[in-house]
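Structure below is query23.cif: mmCIF, C-alpha atoms.
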data_run
#
loop_
_atom_site.group_PDB
_atom_site.id
_atom_site.type_symbol
_atom_site.label_atom_id
_atom_site.label_comp_id
_atom_site.auth_asym_id
_atom_site.auth_seq_id
_atom_site.Cartn_x
_atom_site.Cartn_y
_atom_site.Cartn_z
ATOM 1 C CA MET A 1204 20.750 -44.251 78.382
ATOM 2 C CA PRO A 1205 21.664 -43.003 74.860
ATOM 3 C CA PRO A 1206 25.338 -42.237 74.177
ATOM 4 C CA ARG A 1207 26.392 -38.656 74.629
ATOM 5 C CA ARG A 1208 26.726 -36.566 71.504
ATOM 6 C CA ARG A 1209 30.149 -35.561 70.306
ATOM 7 C CA GLY A 1210 31.198 -31.947 70.758
ATOM 8 C CA ALA A 1211 32.206 -29.406 68.136
ATOM 9 C CA LEU A 1212 35.725 -30.897 68.038
ATOM 10 C CA GLY A 1213 34.395 -34.341 67.155
ATOM 11 C CA TYR A 1214 35.312 -35.897 70.526
ATOM 12 C CA ARG A 1215 33.295 -36.535 73.645
ATOM 13 C CA GLY A 1216 34.420 -34.705 76.765
ATOM 14 C CA VAL A 1217 36.916 -32.389 75.022
ATOM 15 C CA ARG A 1218 36.797 -28.601 74.897
ATOM 16 C CA GLN A 1219 39.263 -26.103 73.496
ATOM 17 C CA ARG A 1220 40.657 -23.486 75.827
ATOM 18 C CA PRO A 1221 41.170 -19.856 74.695
ATOM 19 C CA ASN A 1222 44.952 -20.399 74.786
ATOM 20 C CA GLY A 1223 44.685 -23.136 72.124
ATOM 21 C CA TRP A 1224 45.112 -26.126 74.431
ATOM 22 C CA TYR A 1225 42.423 -28.783 74.960
ATOM 23 C CA TYR A 1226 40.695 -29.658 78.214
ATOM 24 C CA SER A 1227 39.216 -33.085 78.889
ATOM 25 C CA GLU A 1228 36.557 -33.924 81.459
ATOM 26 C CA ILE A 1229 34.046 -36.691 82.170
ATOM 27 C CA ARG A 1230 30.914 -36.831 84.298
ATOM 28 C CA SER A 1231 30.325 -39.461 86.916
ATOM 29 C CA GLY A 1232 26.802 -39.015 88.222
ATOM 30 C CA ASP A 1233 26.536 -35.381 89.298
ATOM 31 C CA VAL A 1234 30.289 -34.970 89.611
ATOM 32 C CA ARG A 1235 32.384 -33.510 86.794
ATOM 33 C CA LEU A 1236 35.912 -34.929 86.789
ATOM 34 C CA GLY A 1237 38.608 -32.827 85.152
ATOM 35 C CA LEU A 1238 41.150 -34.998 83.362
ATOM 36 C CA GLY A 1239 43.669 -32.308 82.481
ATOM 37 C CA THR A 1240 44.856 -30.014 79.720
ATOM 38 C CA PHE A 1241 46.511 -31.381 76.584
ATOM 39 C CA GLU A 1242 48.260 -29.968 73.529
ATOM 40 C CA THR A 1243 45.985 -31.731 71.019
ATOM 41 C CA ALA A 1244 42.320 -32.718 70.940
ATOM 42 C CA HIS A 1245 43.392 -36.285 70.121
ATOM 43 C CA GLU A 1246 45.377 -36.574 73.369
ATOM 44 C CA ALA A 1247 42.471 -35.143 75.376
ATOM 45 C CA ALA A 1248 40.098 -37.653 73.747
ATOM 46 C CA ARG A 1249 42.450 -40.540 74.599
ATOM 47 C CA ALA A 1250 42.485 -39.394 78.246
ATOM 48 C CA TYR A 1251 38.666 -39.318 78.193
ATOM 49 C CA ASP A 1252 38.581 -42.906 76.930
ATOM 50 C CA VAL A 1253 40.833 -44.111 79.770
ATOM 51 C CA ALA A 1254 38.536 -42.490 82.325
ATOM 52 C CA ALA A 1255 35.490 -43.957 80.569
ATOM 53 C CA TRP A 1256 37.049 -47.455 80.761
ATOM 54 C CA CYS A 1257 37.797 -46.950 84.465
ATOM 55 C CA LEU A 1258 34.204 -45.867 85.102
ATOM 56 C CA GLY A 1259 32.893 -48.932 83.237
ATOM 57 C CA ARG A 1260 31.258 -47.048 80.381
ATOM 58 C CA SER A 1261 29.956 -48.782 77.306
ATOM 59 C CA HIS A 1262 32.312 -49.263 74.368
ATOM 60 C CA LEU A 1263 29.891 -47.142 72.298
ATOM 61 C CA GLN A 1264 30.558 -44.118 74.511
ATOM 62 C CA MET A 1265 34.264 -44.092 73.722
ATOM 63 C CA ASN A 1266 35.894 -41.675 71.323
ATOM 64 C CA PHE A 1267 37.981 -44.387 69.670
ATOM 65 C CA GLN A 1268 36.529 -47.757 68.737
ATOM 66 C CA ASP A 1269 39.939 -49.387 68.178
ATOM 67 C CA VAL A 1270 40.564 -49.994 71.903
ATOM 68 C CA TYR A 1271 39.018 -53.089 73.499
ATOM 69 C CA THR A 1272 40.538 -53.238 77.002
ATOM 70 C CA LEU A 1273 41.511 -50.864 79.780
ATOM 71 C CA GLN A 1274 45.176 -51.792 79.322
ATOM 72 C CA GLN A 1275 45.050 -50.864 75.627
ATOM 73 C CA ALA A 1276 43.451 -47.532 76.553
ATOM 74 C CA LEU A 1277 46.195 -46.867 79.112
ATOM 75 C CA ASP A 1278 48.876 -47.744 76.557
ATOM 76 C CA VAL A 1279 47.672 -45.210 73.983
ATOM 77 C CA ALA A 1280 46.729 -42.474 76.455
ATOM 78 C CA PRO A 1281 49.152 -39.543 76.774
ATOM 79 C CA PRO A 1282 51.155 -39.291 79.988
ATOM 80 C CA PRO A 1283 49.917 -36.642 82.394
ATOM 81 C CA ARG A 1284 51.426 -33.213 81.819
ATOM 82 C CA LEU A 1285 53.889 -32.321 84.540
ATOM 83 C CA ILE A 1286 53.734 -28.771 85.834
ATOM 84 C CA THR A 1287 57.285 -27.673 86.538
ATOM 85 C CA ASN A 1288 58.639 -24.757 88.513
ATOM 86 C CA GLN A 1289 59.462 -23.079 85.202
ATOM 87 C CA ASP A 1290 55.780 -23.368 84.165
ATOM 88 C CA ARG A 1291 54.737 -21.802 87.460
ATOM 89 C CA ALA A 1292 57.299 -18.986 87.078
ATOM 90 C CA GLU A 1293 56.143 -18.231 83.508
ATOM 91 C CA HIS A 1294 52.512 -18.184 84.654
ATOM 92 C CA ALA A 1295 53.360 -15.853 87.550
ATOM 93 C CA GLU A 1296 55.250 -13.526 85.164
ATOM 94 C CA ARG A 1297 52.287 -13.423 82.755
ATOM 95 C CA GLN A 1298 49.948 -12.640 85.644
ATOM 96 C CA ARG A 1299 52.255 -9.862 86.864
ATOM 97 C CA ARG A 1300 52.431 -8.304 83.387
ATOM 98 C CA LEU A 1301 48.654 -8.496 83.065
ATOM 99 C CA LEU A 1302 48.203 -6.736 86.405
ATOM 100 C CA VAL A 1303 50.706 -4.026 85.430
ATOM 101 C CA ALA A 1304 48.887 -3.445 82.127
ATOM 102 C CA GLU A 1305 45.526 -3.251 83.896
ATOM 103 C CA GLU A 1306 46.960 -0.785 86.439
ATOM 104 C CA ASP A 1307 48.381 1.350 83.610
ATOM 105 C CA GLU A 1308 45.012 1.454 81.840
ATOM 106 C CA TRP A 1309 43.254 2.348 85.080
ATOM 107 C CA ALA A 1310 45.798 5.090 85.875
ATOM 108 C CA MET A 1311 45.486 6.612 82.380
ATOM 109 C CA ALA A 1312 41.682 6.571 82.575
ATOM 110 C CA GLU A 1313 41.832 8.224 86.005
ATOM 111 C CA TRP A 1314 44.305 10.849 84.715
ATOM 112 C CA ARG A 1315 42.021 11.653 81.770
ATOM 113 C CA ARG A 1316 39.054 11.985 84.111
ATOM 114 C CA ARG A 1317 40.864 14.298 86.538
ATOM 115 C CA HIS A 1318 42.777 16.385 83.977
ATOM 116 C CA PRO A 1319 40.628 16.984 80.881
ATOM 117 C CA GLU A 1320 42.687 20.110 80.053
ATOM 118 C CA ASP A 1321 45.791 17.918 79.551
ATOM 119 C CA VAL A 1322 43.841 15.670 77.190
ATOM 120 C CA ALA A 1323 42.695 18.719 75.213
ATOM 121 C CA ASP A 1324 46.287 20.059 75.097
ATOM 122 C CA GLU A 1325 47.591 16.718 73.843
ATOM 123 C CA GLN A 1326 44.938 16.530 71.135
ATOM 124 C CA ALA A 1327 45.726 20.098 70.064
ATOM 125 C CA TYR A 1328 49.453 19.286 69.931
ATOM 126 C CA TRP A 1329 48.898 16.268 67.679
ATOM 127 C CA ALA A 1330 46.500 18.204 65.446
ATOM 128 C CA GLU A 1331 49.192 20.890 65.054
ATOM 129 C CA GLN A 1332 51.843 18.259 64.243
ATOM 130 C CA THR A 1333 49.558 16.679 61.645
ATOM 131 C CA ALA A 1334 48.896 20.041 59.995
ATOM 132 C CA LYS A 1335 52.632 20.774 59.958
ATOM 133 C CA ARG A 1336 53.420 17.417 58.306
ATOM 134 C CA ARG A 1337 50.718 18.001 55.681
ATOM 135 C CA ALA A 1338 52.120 21.456 54.876
ATOM 136 C CA GLU A 1339 55.643 20.030 54.550
ATOM 137 C CA ARG A 1340 54.400 17.271 52.218
ATOM 138 C CA LEU A 1341 52.530 19.826 50.088
ATOM 139 C CA ASP A 1342 55.658 21.984 49.815
ATOM 140 C CA ARG A 1343 57.782 18.957 48.833
ATOM 141 C CA ARG A 1344 55.206 17.960 46.214
ATOM 142 C CA GLN A 1345 55.198 21.451 44.716
ATOM 143 C CA ARG A 1346 59.010 21.612 44.607
ATOM 144 C CA LYS A 1347 59.139 18.147 43.075
ATOM 145 C CA ALA A 1348 56.602 19.141 40.415
ATOM 146 C CA LEU A 1349 58.750 22.186 39.596
ATOM 147 C CA ALA A 1350 61.879 20.024 39.347
ATOM 148 C CA LEU A 1351 60.118 17.506 37.098
ATOM 149 C CA SER A 1352 58.782 20.268 34.861
ATOM 150 C CA GLN A 1353 62.308 21.671 34.532
ATOM 151 C CA CYS A 1354 63.562 18.195 33.550
ATOM 152 C CA GLU A 1355 60.914 17.973 30.842
ATOM 153 C CA ILE A 1356 61.838 21.441 29.555
ATOM 154 C CA VAL A 1357 65.526 20.489 29.348
ATOM 155 C CA GLU A 1358 64.722 17.140 27.677
ATOM 156 C CA ASN A 1359 62.661 18.912 25.016
ATOM 157 C CA GLY A 1360 65.522 21.266 24.256
ATOM 158 C CA GLY A 1361 64.191 24.212 26.223
ATOM 159 C CA GLN A 1362 65.960 26.476 28.686
ATOM 160 C CA SER A 1363 65.647 25.678 32.416
ATOM 161 C CA ILE A 1364 65.408 28.386 35.053
ATOM 162 C CA PHE A 1365 68.468 26.737 36.607
ATOM 163 C CA SER A 1366 71.897 26.701 35.062
ATOM 164 C CA ALA A 1367 73.645 23.349 34.655
ATOM 165 C CA ASN A 1368 75.995 23.930 37.605
ATOM 166 C CA ASP A 1369 73.451 25.601 39.874
ATOM 167 C CA PRO A 1370 73.582 23.904 43.340
ATOM 168 C CA ARG A 1371 69.900 24.797 43.875
ATOM 169 C CA TRP A 1372 69.025 22.216 41.199
ATOM 170 C CA ASP A 1373 70.740 19.418 43.152
ATOM 171 C CA ASP A 1374 69.225 20.570 46.430
ATOM 172 C CA MET A 1375 65.734 20.719 44.955
ATOM 173 C CA TRP A 1376 66.062 17.302 43.352
ATOM 174 C CA LEU A 1377 67.392 15.674 46.537
ATOM 175 C CA ASP A 1378 64.793 17.376 48.767
ATOM 176 C CA THR A 1379 61.919 16.235 46.590
ATOM 177 C CA SER A 1380 63.109 12.788 45.532
ATOM 178 C CA ASP A 1381 61.541 10.979 48.487
ATOM 179 C CA GLN A 1382 58.190 9.298 48.060
ATOM 180 C CA THR A 1383 55.442 11.883 48.241
ATOM 181 C CA SER A 1384 52.607 10.035 46.576
ATOM 182 C CA GLU A 1385 48.969 10.370 47.493
ATOM 183 C CA ASP A 1386 49.027 6.885 49.093
ATOM 184 C CA ASP A 1387 51.600 8.041 51.639
ATOM 185 C CA ASP A 1388 49.392 10.953 52.613
ATOM 186 C CA ASP A 1389 46.427 8.657 53.183
ATOM 187 C CA ASP A 1390 48.541 6.374 55.400
ATOM 188 C CA ASP A 1391 49.794 9.317 57.459
ATOM 189 C CA ASP A 1392 46.258 10.617 57.903
ATOM 190 C CA ASP A 1393 45.158 7.215 59.217
ATOM 191 C CA ASP A 1394 48.071 7.114 61.694
ATOM 192 C CA SER A 1395 47.200 10.465 63.189
ATOM 193 C CA GLU A 1396 43.616 9.553 64.017
#
Give the structure from the file, written as structure tokens.
Amino acid sequence: MPPRRRGALGYRGVRQRPNGWYYSEIRSGDVRLGLGTFETAHEAARAYDVAAWCLGRSHLQMNFQDVYTLQQALDVAPPPRLITNQDRAEHAERQRRLLVAEEDEWAMAEWRRRHPEDVADEQAYWAEQTAKRRAERLDRRQRKALALSQCEIVENGGQSIFSANDPRWDDMWLDTSDQTSEDDDDDDDDDSE
């Protein structure tokens, strides 16, 4: 029987789980034996080699060729991962949060299905808020342009429409001094969609 090919990780009998951990398993006839979950692919491969030694597999079917006896394989193999009560509690909490999130999504979908008028009202409200924000930004931009033009006039020796002590000048400058560039408008438009 030819030796089994190595997987995508470079080790026989090791697969990566979606959570980033590594799962090790070995076949014995028609039976698939799960060897556990490990933090690294190397540890999972070492566990595979121990099982392969116990099953009497050929040395060529091992992941590591530097081990020549079962005792050596046992010495370098990682200890089994202990599942503590804290692990079980964390898993239960994650499951509970997942169920709550799924229930929330289901409830919102059901609400949208039963009350399409509320969905339309909400969309209209946000469209109105977006239009209001755009109008405010346009007004700030226009007032800022006026303030900047008055600065240029004064710098060039001209006469401003505001007197030096006019409080409207300070108010206009402070109201328009925030960032009102075109990039900000594009970001706000993306947020509203």
*Can you work out the spacing between CA of Thr1240 in chain A and CA of Arg1220 in chain A in Å, to one decimal?*
8.7 Å
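Taken over the shown file, the PyMOL selection byres ((chain A and resi 1243) around 10) identifies Val1217, Gln1219, Gly1223, Trp1224, Tyr1225, Tyr1226, Thr1240, Phe1241, Glu1242, Ala1244, His1245, Glu1246, Ala1247 and Ala1248 of chain A.
Residues captured in this structure file are Asp1252, Val1253, Trp1256, Phe1267, Gln1268, Asp1278, Val1279 and Ala1280 of chain A, according to the PyMOL selection byres ((chain A and resi 1269-1277) around 7).
Note that the spacing between CA of Ile1229 in chain A and CA of Ala1250 in chain A amounts to 9.7 Å.
Pairwise distance (CA of Ala1255 in chain A, CA of Gly1216 in chain A) equals 10.1 Å.
Minimum distance to Met1265 in chain A across A:Ala1350, A:Arg1336, A:Arg1249, A:Arg1317 (counting all atoms listed in the file) occurs at A:Arg1249.
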